[in-house]
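Trainee: Next comes run_22.tsv, TSV, C-alpha atoms:
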```
chain	number	residue	atom	x	y	z
A	1	MET	CA	-37.27	4.54	29.10
A	2	GLN	CA	-34.73	1.73	28.85
A	3	ASP	CA	-33.54	2.58	25.33
A	4	TRP	CA	-30.20	4.15	26.32
A	5	GLU	CA	-28.96	4.26	22.72
A	6	LEU	CA	-31.99	6.36	21.71
A	7	ILE	CA	-31.32	8.83	24.53
A	8	ALA	CA	-27.68	9.10	23.48
A	9	LYS	CA	-28.72	9.73	19.86
A	10	TYR	CA	-31.00	12.50	21.13
A	11	ILE	CA	-28.16	14.10	23.10
A	12	LYS	CA	-25.82	13.91	20.08
A	13	GLY	CA	-28.46	15.41	17.73
A	14	GLU	CA	-28.63	12.25	15.61
A	15	ALA	CA	-32.20	11.17	16.41
A	16	SER	CA	-34.89	11.22	13.72
A	17	GLN	CA	-38.03	13.35	14.16
A	18	GLU	CA	-39.95	10.29	15.32
A	19	GLU	CA	-37.22	9.39	17.82
A	20	GLN	CA	-37.08	12.99	19.08
A	21	GLY	CA	-40.82	12.80	19.70
A	22	GLN	CA	-40.42	9.61	21.72
A	23	VAL	CA	-37.76	11.16	23.94
A	24	GLU	CA	-39.71	14.41	24.42
A	25	GLN	CA	-42.84	12.48	25.35
A	26	TRP	CA	-40.78	10.57	27.92
A	27	LEU	CA	-39.42	13.84	29.34
A	28	LYS	CA	-42.93	15.22	29.83
A	29	ALA	CA	-44.21	12.02	31.45
A	30	ASP	CA	-42.30	12.48	34.74
A	31	SER	CA	-40.25	15.32	36.22
A	32	ALA	CA	-37.70	12.72	37.36
A	33	ASN	CA	-37.03	12.01	33.69
A	34	ALA	CA	-36.13	15.66	33.13
A	35	PHE	CA	-33.78	15.45	36.12
A	36	LEU	CA	-32.19	12.35	34.61
A	37	MET	CA	-31.73	14.12	31.27
A	38	GLU	CA	-29.92	16.98	33.02
A	39	GLU	CA	-27.53	14.46	34.58
A	40	ILE	CA	-26.98	12.79	31.19
A	41	GLN	CA	-26.18	16.11	29.49
A	42	ALA	CA	-23.79	17.13	32.27
A	43	THR	CA	-22.05	13.75	32.16
A	44	TRP	CA	-21.80	13.90	28.37
A	45	GLN	CA	-20.14	17.33	28.47
A	46	ASN	CA	-17.66	16.20	31.11
A	47	THR	CA	-16.85	12.98	29.29
A	48	GLY	CA	-15.66	14.64	26.12
A	49	LYS	CA	-15.66	13.54	22.51
A	50	LEU	CA	-17.43	10.40	21.42
A	51	ASN	CA	-15.23	7.33	21.00
A	52	GLN	CA	-16.87	5.05	18.47
A	53	HIS	CA	-14.65	2.07	19.24
A	54	ILE	CA	-15.92	1.45	22.77
A	55	ASN	CA	-17.85	-1.81	23.14
A	56	ILE	CA	-19.76	-2.10	26.43
A	57	ASP	CA	-21.76	-5.02	27.81
A	58	LYS	CA	-24.91	-3.17	28.88
A	59	ALA	CA	-26.15	-5.78	31.38
A	60	LYS	CA	-22.75	-6.06	33.02
A	61	ALA	CA	-22.35	-2.27	33.11
A	62	TRP	CA	-25.74	-1.77	34.78
A	63	ALA	CA	-24.97	-4.46	37.37
A	64	SER	CA	-21.68	-2.71	38.09
A	65	ILE	CA	-23.46	0.62	38.58
A	66	GLN	CA	-26.03	-0.89	40.93
A	67	GLU	CA	-23.21	-2.35	43.04
A	68	LYS	CA	-21.51	1.06	43.08
A	69	ILE	CA	-24.74	2.67	44.26
A	70	LYS	CA	-25.00	0.25	47.16
A	71	GLN	CA	-21.39	0.92	48.21
A	72	GLU	CA	-21.70	4.70	47.97
A	73	ALA	CA	-25.05	4.75	49.80
A	74	LYS	CA	-23.34	3.33	52.90
A	75	ILE	CA	-20.94	6.24	53.22
A	76	ILE	CA	-22.44	9.22	51.38
A	77	PRO	CA	-25.69	10.75	52.64
A	78	ILE	CA	-28.29	11.71	50.06
A	79	THR	CA	-29.16	15.35	50.61
A	80	ARG	CA	-31.42	15.83	47.61
A	81	GLN	CA	-33.88	13.58	45.84
A	82	ALA	CA	-35.67	13.78	42.53
A	83	PRO	CA	-39.39	13.06	42.57
A	84	THR	CA	-39.13	9.36	41.71
A	85	TYR	CA	-35.48	8.30	41.89
A	86	ASN	CA	-32.73	9.23	44.29
A	87	LYS	CA	-29.83	11.29	43.04
A	88	TRP	CA	-27.31	8.45	42.88
A	89	ILE	CA	-29.55	6.23	40.76
A	90	LEU	CA	-30.13	9.05	38.29
A	91	ARG	CA	-26.47	9.93	38.09
A	92	ALA	CA	-25.50	6.27	37.69
A	93	ALA	CA	-28.02	5.86	34.87
A	94	ALA	CA	-26.65	8.97	33.19
A	95	ILE	CA	-23.13	7.60	33.36
A	96	LEU	CA	-24.29	4.27	31.91
A	97	ILE	CA	-25.93	5.94	28.92
A	98	VAL	CA	-22.91	8.07	28.13
A	99	GLY	CA	-20.60	5.15	28.83
A	100	LEU	CA	-22.30	3.16	26.11
A	101	PHE	CA	-20.79	5.51	23.58
A	102	ALA	CA	-17.80	7.28	25.14
A	103	THR	CA	-14.65	6.66	27.15
A	104	TRP	CA	-15.46	6.69	30.86
A	105	PHE	CA	-12.92	5.84	33.55
A	106	PHE	CA	-15.33	3.98	35.84
A	107	LEU	CA	-16.72	1.51	33.28
A	108	LYS	CA	-13.54	1.09	31.31
A	109	THR	CA	-13.96	-1.91	29.00
A	110	GLY	CA	-11.35	-0.76	26.48
A	111	LYS	CA	-11.30	-0.34	22.73
A	112	SER	CA	-12.11	-3.08	20.27
A	113	GLU	CA	-8.93	-5.12	19.89
A	114	MET	CA	-6.79	-3.73	17.07
A	115	VAL	CA	-4.85	-5.71	14.48
A	116	LEU	CA	-1.61	-4.30	13.04
A	117	VAL	CA	-0.13	-5.69	9.82
A	118	GLN	CA	3.33	-4.48	8.78
A	119	THR	CA	5.18	-5.58	5.66
A	120	THR	CA	8.87	-5.34	4.79
A	121	ASN	CA	10.02	-6.89	1.50
A	122	LYS	CA	6.84	-8.76	0.64
A	123	ALA	CA	3.21	-7.77	0.04
A	124	ALA	CA	0.40	-9.20	2.19
A	125	THR	CA	-3.29	-9.92	1.54
A	126	ILE	CA	-5.69	-9.05	4.37
A	127	LEU	CA	-9.33	-10.12	4.72
A	128	LEU	CA	-11.26	-7.69	6.93
A	129	PRO	CA	-14.21	-8.51	9.23
A	130	ASP	CA	-16.67	-7.23	6.57
A	131	ASN	CA	-15.08	-9.45	3.85
A	132	SER	CA	-13.34	-6.49	2.22
A	133	THR	CA	-9.90	-7.35	0.84
A	134	ILE	CA	-6.76	-5.25	1.15
A	135	ILE	CA	-3.46	-6.04	-0.54
A	136	LEU	CA	-0.73	-4.25	1.38
A	137	ASN	CA	2.42	-3.34	-0.56
A	138	GLU	CA	5.97	-3.72	0.76
A	139	ASN	CA	7.15	-1.47	3.61
A	140	SER	CA	3.60	-0.52	4.55
A	141	SER	CA	1.37	-0.86	7.60
A	142	LEU	CA	-2.36	-1.22	8.16
A	143	SER	CA	-4.27	-1.26	11.45
A	144	TYR	CA	-7.93	-2.19	11.86
A	145	PRO	CA	-10.29	-3.37	14.62
A	146	LYS	CA	-11.23	-7.03	14.97
A	147	GLU	CA	-14.82	-5.81	15.00
A	148	PHE	CA	-15.97	-2.68	13.18
A	149	ALA	CA	-18.13	-0.06	14.91
A	150	ALA	CA	-21.88	-0.11	14.39
A	151	ASN	CA	-21.96	2.88	12.05
A	152	GLU	CA	-18.62	2.85	10.21
A	153	ARG	CA	-15.62	0.77	9.15
A	154	LYS	CA	-12.38	2.56	9.93
A	155	VAL	CA	-8.77	1.53	9.24
A	156	SER	CA	-5.40	3.34	9.27
A	157	LEU	CA	-2.82	3.13	6.46
A	158	GLU	CA	0.81	4.13	6.14
A	159	GLY	CA	2.37	3.21	2.79
A	160	GLU	CA	0.60	1.70	-0.20
A	161	ALA	CA	-2.34	-0.66	-0.58
A	162	PHE	CA	-5.05	-1.78	-2.98
A	163	PHE	CA	-8.55	-1.80	-1.48
A	164	ASP	CA	-11.49	-3.90	-2.68
A	165	ILE	CA	-14.29	-2.82	-0.34
A	166	THR	CA	-17.53	-4.71	0.30
A	167	LYS	CA	-20.45	-2.38	-0.40
A	168	ASN	CA	-22.43	-1.24	2.64
A	169	PRO	CA	-24.04	2.24	2.36
A	170	ALA	CA	-25.09	2.09	6.03
A	171	LYS	CA	-21.48	1.70	7.19
A	172	PRO	CA	-19.04	3.87	5.19
A	173	PHE	CA	-15.47	2.65	4.94
A	174	ILE	CA	-12.85	5.18	6.06
A	175	ILE	CA	-9.07	5.03	5.57
A	176	GLU	CA	-7.19	7.34	7.93
A	177	ASN	CA	-3.72	8.76	7.37
A	178	LYS	CA	-1.95	11.61	9.14
A	179	SER	CA	-2.24	13.67	5.93
A	180	PHE	CA	-5.71	12.73	4.64
A	181	ASP	CA	-8.82	10.54	4.86
A	182	VAL	CA	-10.50	8.45	2.16
A	183	ARG	CA	-14.20	7.63	2.47
A	184	VAL	CA	-16.14	5.06	0.39
A	185	VAL	CA	-19.15	2.76	0.72
A	186	GLY	CA	-18.04	0.05	-1.70
A	187	THR	CA	-15.44	0.31	-4.46
A	188	SER	CA	-11.88	-0.61	-5.43
A	189	PHE	CA	-8.93	1.76	-5.55
A	190	ASN	CA	-5.22	2.15	-4.90
A	191	ILE	CA	-3.61	4.45	-2.32
A	192	ALA	CA	0.09	5.34	-2.42
A	193	ALA	CA	0.98	7.29	0.73
A	194	TYR	CA	4.46	6.55	2.02
A	195	GLU	CA	5.55	8.89	4.79
A	196	LYS	CA	8.78	9.85	2.97
A	197	ASP	CA	6.88	10.95	-0.15
A	198	THR	CA	5.75	14.55	-0.59
A	199	THR	CA	2.49	13.44	-2.21
A	200	ALA	CA	-0.28	10.94	-1.54
A	201	ILE	CA	-2.05	9.43	-4.55
A	202	VAL	CA	-5.48	7.83	-4.80
A	203	THR	CA	-6.45	6.08	-8.06
A	204	VAL	CA	-9.95	4.67	-8.57
A	205	VAL	CA	-10.55	1.37	-10.35
A	206	THR	CA	-14.29	0.94	-9.69
A	207	GLY	CA	-16.95	3.03	-7.96
A	208	THR	CA	-16.51	6.44	-6.34
A	209	VAL	CA	-14.07	7.66	-3.70
A	210	SER	CA	-14.07	10.79	-1.54
A	211	PHE	CA	-10.49	12.04	-1.01
A	212	ILE	CA	-10.35	14.44	1.96
A	213	ASP	CA	-7.42	16.56	3.16
A	214	LYS	CA	-6.92	17.62	6.77
A	215	ASN	CA	-8.60	20.97	6.08
A	216	GLU	CA	-11.79	19.03	5.26
A	217	TYR	CA	-11.52	19.88	1.55
A	218	SER	CA	-12.59	16.90	-0.53
A	219	GLU	CA	-12.49	15.75	-4.14
A	220	LEU	CA	-14.87	13.11	-5.49
A	221	LEU	CA	-12.97	10.65	-7.68
A	222	THR	CA	-14.63	8.25	-10.11
A	223	VAL	CA	-13.44	5.36	-12.29
A	224	GLY	CA	-10.16	6.15	-14.06
A	225	GLN	CA	-9.46	9.28	-12.06
A	226	THR	CA	-6.52	10.10	-9.78
A	227	GLY	CA	-6.27	12.49	-6.88
A	228	VAL	CA	-2.84	13.79	-5.91
A	229	LEU	CA	-2.43	15.44	-2.51
A	230	ASN	CA	0.46	17.84	-1.95
A	231	LYS	CA	1.12	17.06	1.73
A	232	ARG	CA	2.85	20.33	2.48
A	233	LYS	CA	0.26	22.59	0.87
A	234	GLN	CA	-2.68	20.28	1.72
A	235	ARG	CA	-4.02	20.66	-1.80
A	236	ILE	CA	-5.67	17.92	-3.86
A	237	GLU	CA	-5.55	17.94	-7.67
A	238	LYS	CA	-7.84	15.65	-9.66
A	239	SER	CA	-7.11	14.35	-13.17
A	240	ALA	CA	-7.58	11.40	-15.50
A	241	ASN	CA	-5.16	8.63	-14.62
A	242	ALA	CA	-2.33	8.49	-17.16
A	243	ASP	CA	-0.11	6.05	-15.23
A	244	LEU	CA	-0.48	2.57	-16.70
A	245	ASN	CA	1.70	1.19	-13.92
A	246	PHE	CA	0.02	2.58	-10.82
A	247	MET	CA	-0.66	-1.01	-9.71
A	248	ALA	CA	2.43	-2.67	-11.18
A	249	TRP	CA	3.49	-3.67	-7.66
A	250	LYS	CA	0.28	-5.76	-7.46
A	251	THR	CA	-0.10	-7.00	-11.06
A	252	LYS	CA	3.63	-7.70	-11.54
A	253	LYS	CA	3.44	-6.07	-14.96
A	254	LEU	CA	5.11	-3.03	-16.50
A	255	GLU	CA	3.52	-1.39	-19.54
A	256	PHE	CA	4.63	1.58	-21.61
A	257	ALA	CA	2.78	3.05	-24.63
A	258	ASN	CA	4.75	5.71	-26.45
A	259	THR	CA	5.90	6.83	-23.03
A	260	SER	CA	8.60	9.44	-22.48
A	261	PHE	CA	11.86	7.96	-21.21
A	262	ASN	CA	11.56	10.15	-18.14
A	263	GLU	CA	8.27	8.44	-17.21
A	264	VAL	CA	9.76	5.06	-18.11
A	265	CYS	CA	12.54	5.72	-15.60
A	266	ASN	CA	9.99	6.74	-12.95
A	267	GLY	CA	8.08	3.49	-13.47
A	268	ILE	CA	11.23	1.39	-13.24
A	269	LYS	CA	12.49	3.24	-10.17
A	270	LYS	CA	9.27	2.65	-8.29
A	271	TYR	CA	8.86	-0.98	-9.30
A	272	PHE	CA	12.42	-2.06	-8.52
A	273	SER	CA	13.06	0.45	-5.68
A	274	ILE	CA	16.21	1.80	-7.32
A	275	ASP	CA	17.71	5.14	-8.39
A	276	ILE	CA	18.39	5.99	-12.04
A	277	THR	CA	20.92	8.57	-13.22
A	278	VAL	CA	20.68	9.75	-16.84
A	279	LYS	CA	23.90	11.41	-17.98
A	280	ASP	CA	22.62	13.02	-21.18
A	281	LYS	CA	19.28	14.73	-20.51
A	282	ALA	CA	18.43	14.55	-24.23
A	283	ILE	CA	17.71	10.85	-23.71
A	284	LEU	CA	14.74	11.80	-21.53
A	285	LYS	CA	12.94	13.06	-24.65
A	286	CYS	CA	12.99	9.60	-26.21
A	287	THR	CA	9.80	7.51	-26.11
A	288	PHE	CA	9.36	3.81	-25.53
A	289	THR	CA	6.61	1.22	-26.07
A	290	GLY	CA	6.87	-2.17	-24.42
A	291	PHE	CA	5.29	-4.70	-22.08
A	292	PHE	CA	6.96	-6.78	-19.34
A	293	GLU	CA	5.28	-9.52	-17.32
A	294	ASP	CA	6.88	-10.44	-13.99
A	295	PRO	CA	9.81	-8.24	-15.08
A	296	LYS	CA	13.44	-8.64	-14.03
A	297	LEU	CA	15.60	-5.52	-13.97
A	298	ASP	CA	18.33	-6.95	-16.21
A	299	ASP	CA	15.79	-8.01	-18.83
A	300	VAL	CA	14.11	-4.60	-18.87
A	301	LEU	CA	17.44	-2.77	-19.21
A	302	LYS	CA	18.58	-5.03	-22.06
A	303	VAL	CA	15.41	-4.24	-24.04
A	304	LEU	CA	15.83	-0.51	-23.40
A	305	GLU	CA	19.49	-0.63	-24.49
A	306	LYS	CA	18.62	-2.25	-27.84
A	307	THR	CA	15.55	-0.11	-28.48
A	308	LEU	CA	16.86	3.33	-27.50
A	309	ASN	CA	20.60	3.10	-28.29
A	310	ILE	CA	21.67	3.55	-24.67
A	311	LYS	CA	23.93	1.83	-22.16
A	312	ALA	CA	22.77	0.90	-18.67
A	313	VAL	CA	25.22	0.06	-15.88
A	314	VAL	CA	23.90	-1.31	-12.58
A	315	ASN	CA	25.78	-0.49	-9.39
A	316	GLN	CA	23.90	-2.01	-6.44
A	317	LYS	CA	20.72	0.13	-6.11
A	318	ASN	CA	21.65	2.67	-8.79
A	319	VAL	CA	21.44	2.47	-12.58
A	320	GLU	CA	23.50	4.83	-14.73
A	321	ILE	CA	22.21	5.55	-18.24
A	322	THR	CA	24.59	6.80	-20.94
A	323	GLY	CA	24.53	7.05	-24.75
A	324	LYS	CA	23.04	9.19	-27.48
A	325	GLY	CA	19.57	7.74	-27.23
A	326	CYS	CA	16.73	7.22	-29.70
```
Would you mind writing the file's structure down as structure tokens?

Mentor:
Amino acid sequence: MQDWELIAKYIKGEASQEEQGQVEQWLKADSANAFLMEEIQATWQNTGKLNQHINIDKAKAWASIQEKIKQEAKIIPITRQAPTYNKWILRAAAILIVGLFATWFFLKTGKSEMVLVQTTNKAATILLPDNSTIILNENSSLSYPKEFAANERKVSLEGEAFFDITKNPAKPFIIENKSFDVRVVGTSFNIAAYEKDTTAIVTVVTGTVSFIDKNEYSELLTVGQTGVLNKRKQRIEKSANADLNFMAWKTKKLEFANTSFNEVCNGIKKYFSIDITVKDKAILKCTFTGFFEDPKLDDVLKVLEKTLNIKAVVNQKNVEITGKGC
């Protein structure tokens, strides 16, 4: 049997019933095959956990093993033989099969080359190998392989990004973060997960998203829903999205509809990366309705001052709000 991938699937328990039958028929055909399978299983256990990012040139790997056999045969006597193959050939074949799917020090070809994109004060648009598009917000980072694995598309995110994922049910798309994973097959959504924040937020625009914490608890989110992960408690809460400005950083628009002044302040703080101090807490009970396209902080504050009877003073990265309000 030259189908090494099929043998590896059998070892990992991922083979279909038909594929299992093929392997079992091969095992019964020759006792040497059973010996080879023992070597494969032993090598697999010693190798450790599967590494999906390994890409191995099978022809080159086999040639390398054959050369190794020749070298070892000159200095190491063979004391035991299987019925058809000698021990070294069987062991070398076992290592090749496992090496196709796992990290192995002898046939080290390395991981698929990774790409790291880091932003500072400007967003970046990234086109992935599968034609998915990611818009990475400021002060964020995304890493992804130049070539995705055969059975999945995996990236790592720190910060905030909008994902528009090309649909491919056979290759799920996975976003990894130290606090959670997000799994989809084709959809669009926003993730806000800055390391300094106590929460991570996933908001779905189209399709369905699986939001998974590190305890393997997951929430299925659909269009218009938001999942909020408490990083410390590792607890996800799902709700209808009430934040009109969850993608303001991308759309360059701020919108408020009878919104409490407290939420207005939160939206402004996030968009402009500033702090806001409200002297009289009664002002927070006021509500505001307004729309700003490509907003400037001074313009937004002037409208708020006239509408809500307040005074806003800007001091570098802090805004102080005073007045009676409403």

Trainee: What gap, in Å, lies between CA of Lys146 (chain A) and CA of Ser132 (chain A)?

Mentor: 12.9 Å

Trainee: Using Å and a single decimal, report how far CA of Val155 (chain A) sits from CA of Ile191 (chain A).

Mentor: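 Taking CA of Ile191 (chain A) and CA of Val155 (chain A), their separation equals 13.0 Å.
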
Trainee: Got a sec to check which residues sit within 7 Å of (-24.3, 2.5, 10.7), counting all atoms listed in the file, and write them as a list in words?

Mentor: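 Those residues lying close to the given coordinates are Ala150, Asn151, Glu152, Ala170 and Lys171 of chain A.
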
Trainee: From the list A:Ala248, A:Val182, A:Ile283, A:Ala240, which residue is nearest Lys269 (chain A) when using all atoms listed in the file?

Mentor: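 Nearest candidate to Lys269 (chain A) out of A:Ala248, A:Val182, A:Ile283, A:Ala240: A:Ala248.
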
Trainee: Measuring between only C-alpha atoms, which one of A:Thr277, A:Val184, A:Val228, A:Arg235 shows the shortest distance to Thr208 (chain A)?

Mentor: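 Among A:Thr277, A:Val184, A:Val228, A:Arg235, it is A:Val184 that comes nearest to Thr208 (chain A).
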
Trainee: Might you pull out every residue within 8 Å of region 177-179 of chain A, with all atoms listed in the file counted and same-chain residues fewer than 4 positions away left off, and present them as a list in words?

Mentor: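 With the cut-off at 8 Å, the set is Ser156, Leu157, Glu158, Asp213, Lys214, Lys231 and Gln234 of chain A.
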
Trainee: May I have the protein, DNA and RNA residues with an atom at most 7 Å from (-6.3, 0.2, 17.3), counting all atoms listed in the file in the file's coordinates, returned as a PyMOL selection string?

Mentor: chain A and resi 113-115+143-145

Trainee: Using only C-alpha atoms, which of A:Asn190, A:Gln17, A:Ser239, A:Asn139 sits nearest Ile175 (chain A)?

Mentor: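 Of A:Asn190, A:Gln17, A:Ser239, A:Asn139, the one nearest Ile175 (chain A) is A:Asn190, counting only C-alpha atoms.
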
Trainee: What is the CA of Asn241 (chain A) to CA of Gln225 (chain A) distance in Å?

Mentor: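 So the answer is 5.0 Å.
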
Trainee: Using all atoms listed in the file for the distances, tell me which of A:Arg153, A:Lys306, A:Lys311, A:Lys285 is nearest to Asn258 (chain A).

Mentor: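 Using all atoms listed in the file, the shortest distance to Asn258 (chain A) belongs to A:Lys285.
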
Trainee: Give me the residues near Glu195 (chain A) as a PyMOL selection string, where near means some atom within 9 Å (using only C-alpha atoms) and where sequence neighbours in that chain fewer than 4 positions away do not count.

Mentor: chain A and resi 158-159+199-200

Trainee: I want to know what sits within 12 Å of Lys253 (chain A), based on all atoms listed in the file, with residues of the same chain fewer than 6 positions away left out; could you give that as a PyMOL selection string?

Mentor: chain A and resi 244-247+267-268+271-272+290-296+300

Trainee: Go through A:Ser218, A:Val223, A:Thr125, A:Trp249 one by one, measure the shortest atom-to-atom distance of each to Glu237 (chain A) using all atoms listed in the file, and give the residue with the smallest value.

Mentor: A:Ser218
